[in-house]
$ cat run28.csv   # CSV, C-alpha atoms
chain,number,residue,atom,x,y,z
K,221,MET,CA,13.9,21.1,-62.2
K,222,ALA,CA,10.4,22.4,-62.6
K,223,PRO,CA,8.6,19.6,-60.7
K,224,SER,CA,11.1,19.9,-57.8
K,225,ALA,CA,10.6,23.7,-57.7
K,226,SER,CA,6.8,23.2,-57.3
K,227,ARG,CA,7.1,20.9,-54.3
K,228,PRO,CA,7.4,23.7,-51.6
K,229,GLY,CA,4.2,25.3,-52.9
K,230,CYS,CA,2.3,22.0,-52.9
K,231,SER,CA,3.6,21.1,-49.5
K,232,SER,CA,2.5,24.5,-48.0
K,233,GLY,CA,-0.9,24.2,-49.7
K,234,MET,CA,-1.5,20.7,-48.4
K,235,SER,CA,-0.4,21.7,-44.9
K,236,SER,CA,-2.8,24.7,-45.0
K,237,ALA,CA,-5.6,22.4,-46.1
K,238,LEU,CA,-4.9,19.8,-43.4
K,239,ALA,CA,-4.8,22.6,-40.7
K,240,THR,CA,-8.1,24.0,-42.0
K,241,TRP,CA,-9.7,20.5,-42.0
K,242,SER,CA,-8.5,19.7,-38.4
K,243,ARG,CA,-9.9,23.0,-37.1
K,244,GLU,CA,-13.3,22.1,-38.7
K,245,VAL,CA,-13.2,18.7,-37.2
K,246,ARG,CA,-12.5,20.1,-33.7
K,247,THR,CA,-15.3,22.6,-34.0
K,248,VAL,CA,-18.0,20.2,-35.3
K,249,GLY,CA,-20.8,20.0,-32.8
K,250,THR,CA,-19.0,22.2,-30.3
K,251,THR,CA,-18.8,25.9,-31.2
K,252,ASN,CA,-21.8,25.9,-33.6
K,253,PRO,CA,-24.7,23.6,-32.7
K,254,LYS,CA,-25.9,23.6,-36.3
K,255,SER,CA,-22.6,22.9,-37.9
K,256,HIS,CA,-23.0,19.2,-37.8
K,257,LEU,CA,-25.9,19.5,-40.3
K,258,SER,CA,-23.4,20.6,-43.0
K,259,ALA,CA,-20.7,18.1,-42.1
K,260,SER,CA,-20.6,15.0,-44.2
K,261,PRO,CA,-21.3,11.5,-42.7
K,262,CYS,CA,-17.7,10.4,-43.7
K,263,MET,CA,-16.3,13.3,-41.6
K,264,HIS,CA,-18.3,12.2,-38.6
K,265,ALA,CA,-17.3,8.6,-39.0
K,266,SER,CA,-13.6,9.4,-39.4
K,267,THR,CA,-13.7,11.8,-36.4
K,268,SER,CA,-15.3,9.1,-34.1
K,269,ALA,CA,-12.9,6.5,-35.3
K,270,TRP,CA,-9.9,8.9,-34.7
K,271,ARG,CA,-11.2,9.6,-31.2
K,272,GLY,CA,-11.8,5.9,-30.4
K,273,HIS,CA,-8.3,4.9,-31.6
K,274,ASN,CA,-6.8,7.9,-29.7
K,275,CYS,CA,-8.6,6.8,-26.4
K,276,MET,CA,-7.4,3.2,-26.9
K,277,PHE,CA,-3.9,4.4,-27.5
K,278,ARG,CA,-3.9,6.6,-24.4
K,279,SER,CA,-5.2,3.7,-22.3
K,280,ILE,CA,-2.5,1.3,-23.5
K,281,ARG,CA,0.2,3.9,-23.0
K,282,LEU,CA,-1.0,4.7,-19.5
K,283,CYS,CA,-0.8,1.0,-18.6
K,284,VAL,CA,2.6,0.4,-20.2
K,285,ALA,CA,4.6,3.7,-20.1
K,286,GLY,CA,2.6,6.0,-17.8
K,287,ASN,CA,1.4,9.5,-18.5
K,288,GLU,CA,4.4,11.6,-19.6
K,289,GLU,CA,2.5,14.4,-21.3
K,290,LYS,CA,3.4,17.9,-20.1
K,291,THR,CA,0.2,19.9,-19.5
K,292,SER,CA,0.5,23.5,-18.5
K,293,LEU,CA,-1.2,24.8,-15.5
K,294,GLU,CA,-3.2,27.2,-17.7
K,295,GLU,CA,-4.7,24.2,-19.5
K,296,GLY,CA,-5.9,22.6,-16.2
K,297,GLY,CA,-2.9,20.5,-15.4
K,298,VAL,CA,-1.8,19.8,-11.9
K,299,LYS,CA,1.9,20.1,-11.2
K,300,ALA,CA,3.4,16.8,-10.1
K,301,THR,CA,5.2,17.5,-7.0
K,302,ALA,CA,6.2,15.4,-4.1
K,303,PRO,CA,3.7,15.0,-1.2
K,304,GLU,CA,4.0,18.1,0.9
K,305,PRO,CA,5.7,17.6,4.3
K,306,PRO,CA,3.3,17.6,7.2
K,307,LYS,CA,2.6,21.0,8.6
K,308,PHE,CA,2.5,19.6,12.1
K,309,ASN,CA,5.5,18.4,14.0
K,310,LYS,CA,6.9,15.1,12.7
K,311,GLY,CA,6.6,13.5,16.1
K,312,VAL,CA,2.9,14.3,16.3
K,313,VAL,CA,2.2,13.0,12.8
K,314,LEU,CA,4.1,9.8,13.6
K,315,PHE,CA,2.1,9.4,16.8
K,316,PHE,CA,-1.1,9.9,14.7
K,317,CYS,CA,0.0,7.2,12.2
K,318,VAL,CA,0.9,4.7,15.0
K,319,LEU,CA,-2.6,5.2,16.6
K,320,GLY,CA,-4.3,4.9,13.2
K,321,LEU,CA,-2.4,1.7,12.3
K,322,GLN,CA,-2.8,0.0,15.7
K,323,GLY,CA,-6.4,1.0,16.1
K,324,SER,CA,-7.4,0.0,12.5
K,325,TYR,CA,-5.7,-3.4,12.5
K,326,LEU,CA,-6.5,-4.4,16.0
K,327,THR,CA,-10.2,-3.8,15.3
K,328,TRP,CA,-9.8,-5.5,11.9
K,329,GLY,CA,-8.3,-8.6,13.6
K,330,VAL,CA,-11.1,-8.8,16.2
K,331,LEU,CA,-13.8,-8.5,13.4
K,332,GLN,CA,-12.1,-11.1,11.3
K,333,GLU,CA,-12.0,-13.6,14.1
K,334,ARG,CA,-15.6,-12.8,14.9
K,335,ILE,CA,-16.7,-13.5,11.3
K,336,MET,CA,-14.7,-16.7,10.9
K,337,LYS,CA,-16.0,-18.1,14.2
K,338,HIS,CA,-19.5,-16.8,14.4
K,339,GLU,CA,-22.4,-19.2,13.6
K,340,TYR,CA,-24.8,-17.2,11.5
K,341,GLY,CA,-28.5,-18.0,11.6
K,342,LYS,CA,-28.2,-20.0,14.8
K,343,ASP,CA,-31.3,-20.3,17.0
K,344,GLU,CA,-33.2,-22.9,18.9
K,345,ASN,CA,-34.2,-24.8,15.8
K,346,ASN,CA,-31.2,-24.1,13.6
K,347,PRO,CA,-27.6,-25.0,14.5
K,348,GLY,CA,-26.3,-22.2,12.3
K,349,GLU,CA,-23.4,-22.2,9.8
K,350,LYS,CA,-19.9,-20.7,9.7
K,351,PHE,CA,-18.3,-18.8,6.8
K,352,THR,CA,-15.0,-20.3,5.8
K,353,ASN,CA,-14.0,-18.6,2.5
K,354,SER,CA,-11.4,-16.1,3.8
K,355,GLN,CA,-10.4,-15.2,0.2
K,356,PHE,CA,-13.9,-13.7,-0.4
K,357,LEU,CA,-13.3,-11.5,2.6
K,358,VAL,CA,-10.0,-10.3,1.2
K,359,PHE,CA,-11.7,-9.4,-2.1
K,360,MET,CA,-14.4,-7.4,-0.3
K,361,ASN,CA,-11.7,-5.5,1.6
K,362,ARG,CA,-9.9,-4.7,-1.6
K,363,ILE,CA,-12.9,-3.7,-3.7
K,364,LEU,CA,-14.1,-1.3,-1.0
K,365,ALA,CA,-10.7,0.3,-0.6
K,366,PHE,CA,-10.4,0.5,-4.4
K,367,SER,CA,-13.8,2.2,-4.7
K,368,ALA,CA,-13.1,4.6,-1.8
K,369,ALA,CA,-9.8,5.7,-3.3
K,370,GLY,CA,-11.4,6.2,-6.7
K,371,VAL,CA,-14.1,8.5,-5.2
K,372,ILE,CA,-11.6,10.5,-3.2
K,373,ILE,CA,-9.4,11.0,-6.3
K,374,LEU,CA,-12.4,12.2,-8.3
K,375,VAL,CA,-13.5,14.8,-5.7
K,376,THR,CA,-10.2,16.1,-4.5
K,377,ARG,CA,-7.2,17.7,-6.2
K,378,GLN,CA,-4.4,15.2,-6.9
K,379,PRO,CA,-0.9,15.5,-8.4
K,380,ARG,CA,-0.6,14.5,-12.0
K,381,HIS,CA,-0.3,10.8,-12.3
K,382,THR,CA,2.7,9.6,-14.3
K,383,ALA,CA,3.4,6.1,-13.1
K,384,PRO,CA,2.7,3.2,-15.5
K,385,LEU,CA,-0.2,1.2,-14.1
K,386,TYR,CA,1.6,-2.2,-14.4
K,387,ARG,CA,4.2,-1.1,-11.8
K,388,TYR,CA,1.5,-1.4,-9.1
K,389,SER,CA,1.0,-5.0,-10.0
K,390,TYR,CA,4.4,-6.0,-8.5
K,391,CYS,CA,3.7,-4.9,-4.9
K,392,SER,CA,0.1,-6.1,-5.2
K,393,LEU,CA,1.2,-9.6,-6.2
K,394,SER,CA,3.9,-9.7,-3.6
K,395,ASN,CA,1.4,-8.7,-0.9
K,396,ILE,CA,-0.9,-11.6,-2.0
K,397,MET,CA,2.0,-14.0,-2.0
K,398,SER,CA,3.2,-12.9,1.4
K,399,SER,CA,-0.2,-13.5,2.9
K,400,TRP,CA,-0.4,-17.0,1.3
K,401,CYS,CA,3.1,-17.9,2.6
K,402,GLN,CA,2.2,-16.6,6.0
K,403,TYR,CA,-0.8,-18.8,6.3
K,404,GLU,CA,0.8,-21.9,4.7
K,405,ALA,CA,3.9,-21.6,7.0
K,406,LEU,CA,1.7,-22.0,10.1
K,407,LYS,CA,1.1,-25.6,9.1
K,408,PHE,CA,4.8,-26.5,8.9
K,409,VAL,CA,6.7,-24.5,11.5
K,410,SER,CA,6.6,-24.4,15.3
K,411,PHE,CA,5.4,-21.5,17.4
K,412,PRO,CA,8.8,-20.2,18.4
K,413,THR,CA,9.9,-20.2,14.8
K,414,GLN,CA,6.8,-18.2,13.8
K,415,VAL,CA,7.5,-15.6,16.5
K,416,LEU,CA,11.1,-15.2,15.6
K,417,ALA,CA,10.2,-14.7,11.9
K,418,LYS,CA,7.5,-12.1,12.7
K,419,ALA,CA,9.7,-10.3,15.2
K,420,SER,CA,12.7,-10.0,12.9
K,421,LYS,CA,11.0,-8.6,9.8
K,422,ILE,CA,12.8,-5.2,10.3
K,423,ILE,CA,16.2,-6.5,9.2
K,424,PRO,CA,15.0,-8.2,6.0
K,425,VAL,CA,13.1,-4.9,5.1
K,426,MET,CA,16.4,-3.0,5.5
K,427,LEU,CA,18.3,-5.5,3.3
K,428,MET,CA,15.5,-5.4,0.7
K,429,GLY,CA,15.8,-1.6,0.7
K,430,LYS,CA,19.4,-1.9,-0.4
K,431,VAL,CA,18.3,-4.2,-3.2
K,432,VAL,CA,15.3,-2.2,-4.5
K,433,SER,CA,16.4,1.4,-3.8
K,434,GLY,CA,20.1,1.2,-3.1
K,435,LYS,CA,19.5,2.6,0.4
K,436,THR,CA,22.3,2.7,3.0
K,437,TYR,CA,21.7,2.5,6.7
K,438,GLU,CA,23.8,3.6,9.7
K,439,TYR,CA,25.2,1.1,12.2
K,440,TYR,CA,22.8,2.3,14.9
K,441,GLU,CA,19.8,1.5,12.7
K,442,TYR,CA,20.9,-2.1,12.4
K,443,LEU,CA,21.6,-2.2,16.1
K,444,THR,CA,18.2,-0.8,17.1
K,445,ALA,CA,16.5,-3.2,14.6
K,446,ALA,CA,18.1,-6.2,16.2
K,447,MET,CA,17.2,-4.9,19.7
K,448,ILE,CA,13.5,-4.4,18.7
K,449,SER,CA,13.4,-7.9,17.1
K,450,MET,CA,14.9,-9.5,20.2
K,451,GLY,CA,12.6,-7.6,22.6
K,452,VAL,CA,9.4,-8.5,20.7
K,453,ALA,CA,10.5,-12.1,20.4
K,454,MET,CA,11.2,-12.3,24.1
K,455,PHE,CA,7.8,-10.9,25.0
K,456,LEU,CA,5.8,-13.0,22.5
K,457,LEU,CA,7.6,-16.3,23.4
K,458,THR,CA,6.9,-15.9,27.1
K,459,GLN,CA,3.4,-14.5,26.9
K,460,GLY,CA,1.8,-16.4,24.0
K,461,LYS,CA,2.5,-20.0,24.7
K,462,GLU,CA,-0.8,-20.8,26.4
K,463,ALA,CA,-2.8,-19.8,23.4
K,464,THR,CA,-0.9,-21.6,20.7
K,465,GLY,CA,-2.2,-25.1,21.3
K,466,PRO,CA,-0.2,-28.1,20.2
K,467,THR,CA,3.3,-27.2,18.8
K,468,THR,CA,4.0,-28.0,15.2
K,469,VAL,CA,7.3,-29.5,14.3
K,470,THR,CA,9.4,-27.2,12.0
K,471,THR,CA,10.1,-28.7,8.7
K,472,PHE,CA,12.5,-27.7,5.9
K,473,SER,CA,9.6,-26.8,3.6
K,474,GLY,CA,8.1,-24.7,6.3
K,475,VAL,CA,11.3,-22.8,6.7
K,476,LEU,CA,11.4,-22.1,2.9
K,477,ILE,CA,7.8,-20.9,2.9
K,478,LEU,CA,8.6,-18.7,5.9
K,479,ILE,CA,11.6,-17.2,4.1
K,480,GLY,CA,9.4,-16.6,1.1
K,481,TYR,CA,6.9,-14.7,3.4
K,482,MET,CA,9.6,-12.5,4.7
K,483,MET,CA,11.0,-11.7,1.2
K,484,PHE,CA,7.6,-10.9,-0.3
K,485,ASP,CA,6.6,-8.8,2.7
K,486,SER,CA,9.9,-6.9,2.7
K,487,PHE,CA,9.6,-6.3,-1.1
K,488,THR,CA,6.0,-4.9,-0.8
K,489,SER,CA,6.7,-1.9,1.4
K,490,ASN,CA,10.1,-1.1,-0.2
K,491,TRP,CA,8.6,-1.2,-3.7
K,492,GLN,CA,5.8,1.2,-2.6
K,493,ALA,CA,8.4,3.5,-1.1
K,494,GLU,CA,10.3,3.5,-4.3
K,495,LEU,CA,7.2,4.4,-6.3
K,496,TYR,CA,6.6,7.3,-4.0
K,497,LYS,CA,10.1,8.5,-4.6
K,498,GLN,CA,10.2,8.0,-8.3
K,499,TYR,CA,6.8,9.3,-9.4
K,500,ASN,CA,5.8,11.7,-6.6
K,501,MET,CA,2.3,10.2,-6.3
K,502,SER,CA,-0.3,10.7,-3.6
K,503,SER,CA,-1.3,8.1,-1.1
K,504,MET,CA,-4.8,7.9,-2.7
K,505,GLN,CA,-3.2,7.2,-6.1
K,506,MET,CA,-1.1,4.4,-4.6
K,507,MET,CA,-4.1,2.9,-2.8
K,508,PHE,CA,-6.1,3.0,-6.1
K,509,GLY,CA,-3.4,1.3,-8.2
K,510,VAL,CA,-2.5,-1.4,-5.7
K,511,ASN,CA,-6.1,-2.4,-5.0
K,512,LEU,CA,-6.9,-2.4,-8.7
K,513,PHE,CA,-4.6,-5.3,-9.3
K,514,SER,CA,-5.5,-6.9,-6.0
K,515,CYS,CA,-9.1,-7.0,-7.1
K,516,ILE,CA,-8.0,-8.5,-10.5
K,517,PHE,CA,-5.8,-11.2,-8.9
K,518,THR,CA,-8.3,-12.3,-6.3
K,519,SER,CA,-11.2,-12.2,-8.8
K,520,TRP,CA,-9.3,-14.8,-11.0
K,521,SER,CA,-8.9,-17.1,-8.0
K,522,LEU,CA,-12.5,-16.7,-6.8
K,523,ILE,CA,-13.9,-17.3,-10.3
K,524,GLY,CA,-11.8,-20.4,-10.7
K,525,GLN,CA,-12.9,-21.8,-7.3
K,526,GLY,CA,-16.6,-20.6,-7.5
K,527,GLY,CA,-16.0,-18.4,-4.4
K,528,PHE,CA,-18.2,-15.6,-5.7
K,529,ALA,CA,-21.4,-17.6,-5.8
K,530,VAL,CA,-20.7,-19.0,-2.3
K,531,GLY,CA,-19.8,-15.6,-0.7
K,532,LEU,CA,-22.7,-13.7,-2.3
K,533,GLY,CA,-25.2,-16.4,-1.5
K,534,PHE,CA,-24.1,-16.4,2.1
K,535,MET,CA,-24.3,-12.6,2.2
K,536,LEU,CA,-27.8,-12.6,0.8
K,537,LYS,CA,-28.9,-15.3,3.2
K,538,HIS,CA,-27.5,-13.7,6.4
K,539,SER,CA,-27.9,-9.9,6.7
K,540,THR,CA,-25.7,-9.9,9.8
K,541,PHE,CA,-22.9,-11.3,7.8
K,542,MET,CA,-23.2,-8.5,5.3
K,543,PHE,CA,-23.0,-5.9,8.1
K,544,HIS,CA,-19.9,-7.6,9.6
K,545,VAL,CA,-18.2,-7.7,6.2
K,546,LEU,CA,-18.9,-4.0,5.7
K,547,LEU,CA,-17.4,-3.1,9.0
K,548,LEU,CA,-14.4,-5.3,8.3
K,549,SER,CA,-13.8,-3.7,4.9
K,550,LEU,CA,-14.1,-0.2,6.4
K,551,CYS,CA,-11.4,-1.1,8.9
K,552,SER,CA,-9.2,-2.5,6.2
K,553,ALA,CA,-9.6,0.6,4.0
K,554,THR,CA,-8.8,2.9,6.9
K,555,GLY,CA,-5.8,0.8,7.8
K,556,GLN,CA,-4.6,1.0,4.1
K,557,LEU,CA,-4.9,4.8,4.3
K,558,PHE,CA,-2.6,4.9,7.3
K,559,ILE,CA,-0.2,2.3,5.7
K,560,PHE,CA,0.3,4.3,2.4
K,561,TYR,CA,0.5,7.6,4.3
K,562,THR,CA,3.1,6.3,6.8
K,563,ILE,CA,5.3,4.8,4.0
K,564,SER,CA,5.1,8.0,2.0
K,565,GLN,CA,6.1,10.2,5.0
K,566,PHE,CA,8.5,8.0,7.0
K,567,GLY,CA,9.6,5.1,4.7
K,568,ALA,CA,9.3,1.3,4.8
K,569,VAL,CA,11.5,0.7,7.9
K,570,VAL,CA,9.5,2.9,10.2
K,571,PHE,CA,6.2,1.3,9.0
K,572,ILE,CA,7.6,-2.2,9.6
K,573,ILE,CA,8.7,-1.2,13.1
K,574,ILE,CA,5.1,0.0,13.9
K,575,MET,CA,3.6,-3.2,12.6
K,576,THR,CA,6.2,-5.5,14.3
K,577,THR,CA,5.3,-4.1,17.7
K,578,ARG,CA,1.5,-4.5,16.9
K,579,SER,CA,1.4,-8.1,18.0
K,580,GLY,CA,3.2,-7.4,21.2
K,581,LEU,CA,0.9,-4.5,22.0
K,582,ALA,CA,-2.1,-6.7,21.4
K,583,ILE,CA,-0.9,-9.3,23.9
K,584,PHE,CA,0.1,-6.5,26.4
K,585,LEU,CA,-3.3,-5.0,26.2
K,586,SER,CA,-4.9,-8.4,26.7
K,587,CYS,CA,-2.8,-8.9,29.8
K,588,LEU,CA,-3.9,-5.5,31.2
K,589,ILE,CA,-7.6,-5.9,30.3
K,590,TYR,CA,-8.1,-9.6,31.3
K,591,GLY,CA,-5.5,-9.7,34.1
K,592,HIS,CA,-3.2,-12.2,32.5
K,593,PRO,CA,0.2,-12.4,34.4
K,594,LEU,CA,3.3,-10.8,32.8
K,595,THR,CA,6.5,-12.7,33.1
K,596,VAL,CA,9.8,-11.1,34.1
K,597,ILE,CA,11.3,-12.0,30.7
K,598,GLY,CA,8.3,-10.5,28.9
K,599,VAL,CA,8.6,-7.2,30.8
K,600,PHE,CA,12.4,-7.2,30.1
K,601,GLY,CA,11.6,-7.6,26.4
K,602,VAL,CA,9.2,-4.6,26.5
K,603,PHE,CA,12.0,-2.6,28.1
K,604,ILE,CA,14.4,-3.6,25.4
K,605,VAL,CA,12.0,-2.4,22.7
K,606,PHE,CA,11.4,1.0,24.3
K,607,ALA,CA,15.2,1.3,24.9
K,608,ALA,CA,15.8,0.6,21.2
K,609,LEU,CA,13.2,3.2,20.1
K,610,PHE,CA,14.7,5.8,22.4
K,611,LEU,CA,18.2,5.0,21.1
K,612,ARG,CA,17.0,5.3,17.5
K,613,VAL,CA,15.4,8.7,18.1
K,614,TYR,CA,18.4,10.0,20.0
K,615,ALA,CA,20.8,8.9,17.3
K,616,GLN,CA,18.7,10.5,14.6
K,617,GLN,CA,18.5,13.8,16.5
K,618,ARG,CA,22.3,13.8,17.1
K,619,LYS,CA,23.0,13.1,13.5
K,620,LYS,CA,20.7,16.0,12.4
K,621,ALA,CA,22.5,18.4,14.9
K,622,GLN,CA,25.9,17.3,13.6
K,623,LYS,CA,24.8,18.0,10.0
K,624,ALA,CA,23.5,21.4,11.1
K,625,ARG,CA,26.9,22.3,12.7
K,626,GLU,CA,28.8,21.2,9.6
K,627,ALA,CA,26.5,23.4,7.5
K,628,ARG,CA,27.1,26.4,9.7
K,629,GLN,CA,30.9,25.8,9.7
K,630,SER,CA,30.8,25.5,5.9
K,631,GLU,CA,28.9,28.9,5.6
K,632,LEU,CA,31.4,30.6,8.0
K,633,SER,CA,34.4,29.3,6.1
K,634,ASN,CA,32.9,30.4,2.8
K,635,GLY,CA,32.2,33.9,4.3
K,636,ASN,CA,35.8,34.2,5.5
K,637,LYS,CA,37.1,33.4,2.1
K,638,VAL,CA,35.0,36.1,0.5
$ encode --input "run28.csv" --output "structure tokens"
Amino acid sequence: MAPSASRPGCSSGMSSALATWSREVRTVGTTNPKSHLSASPCMHASTSAWRGHNCMFRSIRLCVAGNEEKTSLEEGGVKATAPEPPKFNKGVVLFFCVLGLQGSYLTWGVLQERIMKHEYGKDENNPGEKFTNSQFLVFMNRILAFSAAGVIILVTRQPRHTAPLYRYSYCSLSNIMSSWCQYEALKFVSFPTQVLAKASKIIPVMLMGKVVSGKTYEYYEYLTAAMISMGVAMFLLTQGKEATGPTTVTTFSGVLILIGYMMFDSFTSNWQAELYKQYNMSSMQMMFGVNLFSCIFTSWSLIGQGGFAVGLGFMLKHSTFMFHVLLLSLCSATGQLFIFYTISQFGAVVFIIIMTTRSGLAIFLSCLIYGHPLTVIGVFGVFIVFAALFLRVYAQQRKKAQKAREARQSELSNGNKV
């Protein structure tokens, strides 16, 4: 019985000693600049090893499980709250997002075509050469967006990040796969099939939303999505035939690749919307995480193909190409800012509607600027798109008014009961 009776005393003494030792370790080299002179080398070694293992453990946990620690605001923590709703009117913010997305990616498309078709170094004695490695351009876009997001996160106040890093890899990989499927499908499907697929992306996004997030949509949302798809397809089919060149015959493999493109593209925006909803992150944090894995994936491919040496050599050889790539990357990074902000504020479906109408808007502006004729069917398609958008806004406002009336009636009935 005696040994067992002495255990509490030993335990308390050991705990006290450990507490005293841990306080000494924390204060070594911090509170007293000369205290490290009296500390033993073993203590310094054990402290450094402990800190190294702790840093490695925190890094692994951040990648796998996220940051779940609860830090009080007094200790410098930032409360993880959902992105604040816009202070301005929702309609004004949406109009700003539309202008930002359209302007950024219309400029990006012009610059990309300029880079791929321009003959760099051409003069009277030199025929010039073209740059053909589009994957290197994708990497440059991603690395600049990743760097810009990292700098903004460092210098601005952000909500506490709790999402596991690996969850960003899903939408990053699906984005890369959707781009690959899109370019490969062009080789195996005809122009009308391409147009119908691009114009009808809204419905697959809504269906993928049910799979990823369990969302439910009203009947008017499916109706307006079908109307927008039909209107955009009518306009593109009648206005874009002259610029398509020879028509490719649609094959079964091309249809499968096209279906893969629509699935991956639908998953990307819905998964990002789900991350916003689940972890309450900021647009900058989303941009940083997605581009981190995009840089990793594209780097693997470029290293395997030797694309880095070719791209960097071409950039050092032609300073004009370097300037063009910088402008292209800036437009891409700006477009990503608008993409992530639009998805965080309005959801994946609204974002896809904006991007679906982008192709039609580009052709419509081309017709106005260069005087290309507009067909009757094309004008009717534009009318259908605007009618669908008006119907969607009208139905949403009517639904909000109905909910407000029901809430007032519920308050009145509860007041009468009291």
$ closest_atom_pairs --input "run28.csv" --of "segment 303-421 of chain K" --to "segment 519-532 of chain K" --cutoff "8 Å" --atoms "all atoms listed in the file" --output "Markdown table"
| residue | atom | partner | partner_atom | distance |
| --- | --- | --- | --- | --- |
| K:Asn353 | CA | K:Gly527 | CA | 7.2 |
| K:Gln355 | CA | K:Leu522 | CA | 7.5 |
| K:Phe356 | CA | K:Gly531 | CA | 6.2 |
| K:Phe359 | CA | K:Ser519 | CA | 7.3 |
$ closest_residue --input "run28.csv" --among "K:Leu385, K:Val425, K:Cys515, K:Cys401" --to "Asn361 of chain K" --atoms "all atoms listed in the file"
K:Cys515
$ closest_residue --input "run28.csv" --among "K:Phe571, K:Leu548, K:Asn634, K:Gln629" --to "Gly329 of chain K" --atoms "all atoms listed in the file"
K:Leu548
$ residues_around --input "run28.csv" --residues "Ile479 of chain K" --least-positions-apart "4" --cutoff "10 Å" --atoms "all atoms listed in the file" --output "list in words"
Ser398, Cys401, Gln402, Ala405, Ala417, Pro424, Ser473, Gly474, Val475, Met483, Phe484 and Asp485 of chain K
$ atom_distance --input "run28.csv" --atom1 "atom CA of Leu557 of chain K" --atom2 "atom CA of Val570 of chain K"
15.7 Å
$ closest_atom_pairs --input "run28.csv" --of "segment 518-580 of chain K" --to "segment 313-322 of chain K" --cutoff "12 Å" --atoms "all atoms listed in the file" --output "JSON lines"
{"residue": "K:Cys551", "atom": "CA", "partner": "K:Leu321", "partner_atom": "CA", "distance": 10.0}
{"residue": "K:Ser552", "atom": "CA", "partner": "K:Leu321", "partner_atom": "CA", "distance": 10.1}
{"residue": "K:Ala553", "atom": "CA", "partner": "K:Leu321", "partner_atom": "CA", "distance": 11.0}
{"residue": "K:Thr554", "atom": "CA", "partner": "K:Gly320", "partner_atom": "CA", "distance": 8.0}
{"residue": "K:Gly555", "atom": "CA", "partner": "K:Leu321", "partner_atom": "CA", "distance": 5.7}
{"residue": "K:Gln556", "atom": "CA", "partner": "K:Leu321", "partner_atom": "CA", "distance": 8.5}
{"residue": "K:Leu557", "atom": "CA", "partner": "K:Gly320", "partner_atom": "CA", "distance": 8.9}
{"residue": "K:Phe558", "atom": "CA", "partner": "K:Leu321", "partner_atom": "CA", "distance": 5.9}
{"residue": "K:Ile559", "atom": "CA", "partner": "K:Leu321", "partner_atom": "CA", "distance": 7.0}
{"residue": "K:Phe560", "atom": "CA", "partner": "K:Cys317", "partner_atom": "CA", "distance": 10.2}
{"residue": "K:Tyr561", "atom": "CA", "partner": "K:Cys317", "partner_atom": "CA", "distance": 7.9}
{"residue": "K:Thr562", "atom": "CA", "partner": "K:Cys317", "partner_atom": "CA", "distance": 6.3}
{"residue": "K:Ile563", "atom": "CA", "partner": "K:Cys317", "partner_atom": "CA", "distance": 10.1}
{"residue": "K:Ser564", "atom": "CA", "partner": "K:Cys317", "partner_atom": "CA", "distance": 11.4}
{"residue": "K:Gln565", "atom": "CA", "partner": "K:Leu314", "partner_atom": "CA", "distance": 8.8}
{"residue": "K:Phe566", "atom": "CA", "partner": "K:Leu314", "partner_atom": "CA", "distance": 8.1}
{"residue": "K:Gly567", "atom": "CA", "partner": "K:Leu314", "partner_atom": "CA", "distance": 11.5}
{"residue": "K:Val570", "atom": "CA", "partner": "K:Leu314", "partner_atom": "CA", "distance": 9.4}
{"residue": "K:Phe571", "atom": "CA", "partner": "K:Val318", "partner_atom": "CA", "distance": 8.7}
{"residue": "K:Ile572", "atom": "CA", "partner": "K:Val318", "partner_atom": "CA", "distance": 11.0}
{"residue": "K:Ile573", "atom": "CA", "partner": "K:Val318", "partner_atom": "CA", "distance": 10.0}
{"residue": "K:Ile574", "atom": "CA", "partner": "K:Val318", "partner_atom": "CA", "distance": 6.4}
{"residue": "K:Met575", "atom": "CA", "partner": "K:Leu321", "partner_atom": "CA", "distance": 7.8}
{"residue": "K:Thr576", "atom": "CA", "partner": "K:Gln322", "partner_atom": "CA", "distance": 10.6}
{"residue": "K:Thr577", "atom": "CA", "partner": "K:Gln322", "partner_atom": "CA", "distance": 9.3}
{"residue": "K:Arg578", "atom": "CA", "partner": "K:Gln322", "partner_atom": "CA", "distance": 6.3}
{"residue": "K:Ser579", "atom": "CA", "partner": "K:Gln322", "partner_atom": "CA", "distance": 9.4}
{"residue": "K:Gly580", "atom": "CA", "partner": "K:Gln322", "partner_atom": "CA", "distance": 11.0}
$ residues_around --input "run28.csv" --residues "Ser392 of chain K" --least-positions-apart "4" --cutoff "10 Å" --atoms "all atoms listed in the file" --output "MDAnalysis selection string"
chainID K and resid 387:388 396:398 488 491:492 509:517
$ residues_near_point --input "run28.csv" --point "(20.9, -2.7, 13.6)" --cutoff "12 Å" --atoms "only C-alpha atoms" --output "PyMOL selection string"
chain K and resi 420+422-427+436-450+569+608-609+611-612
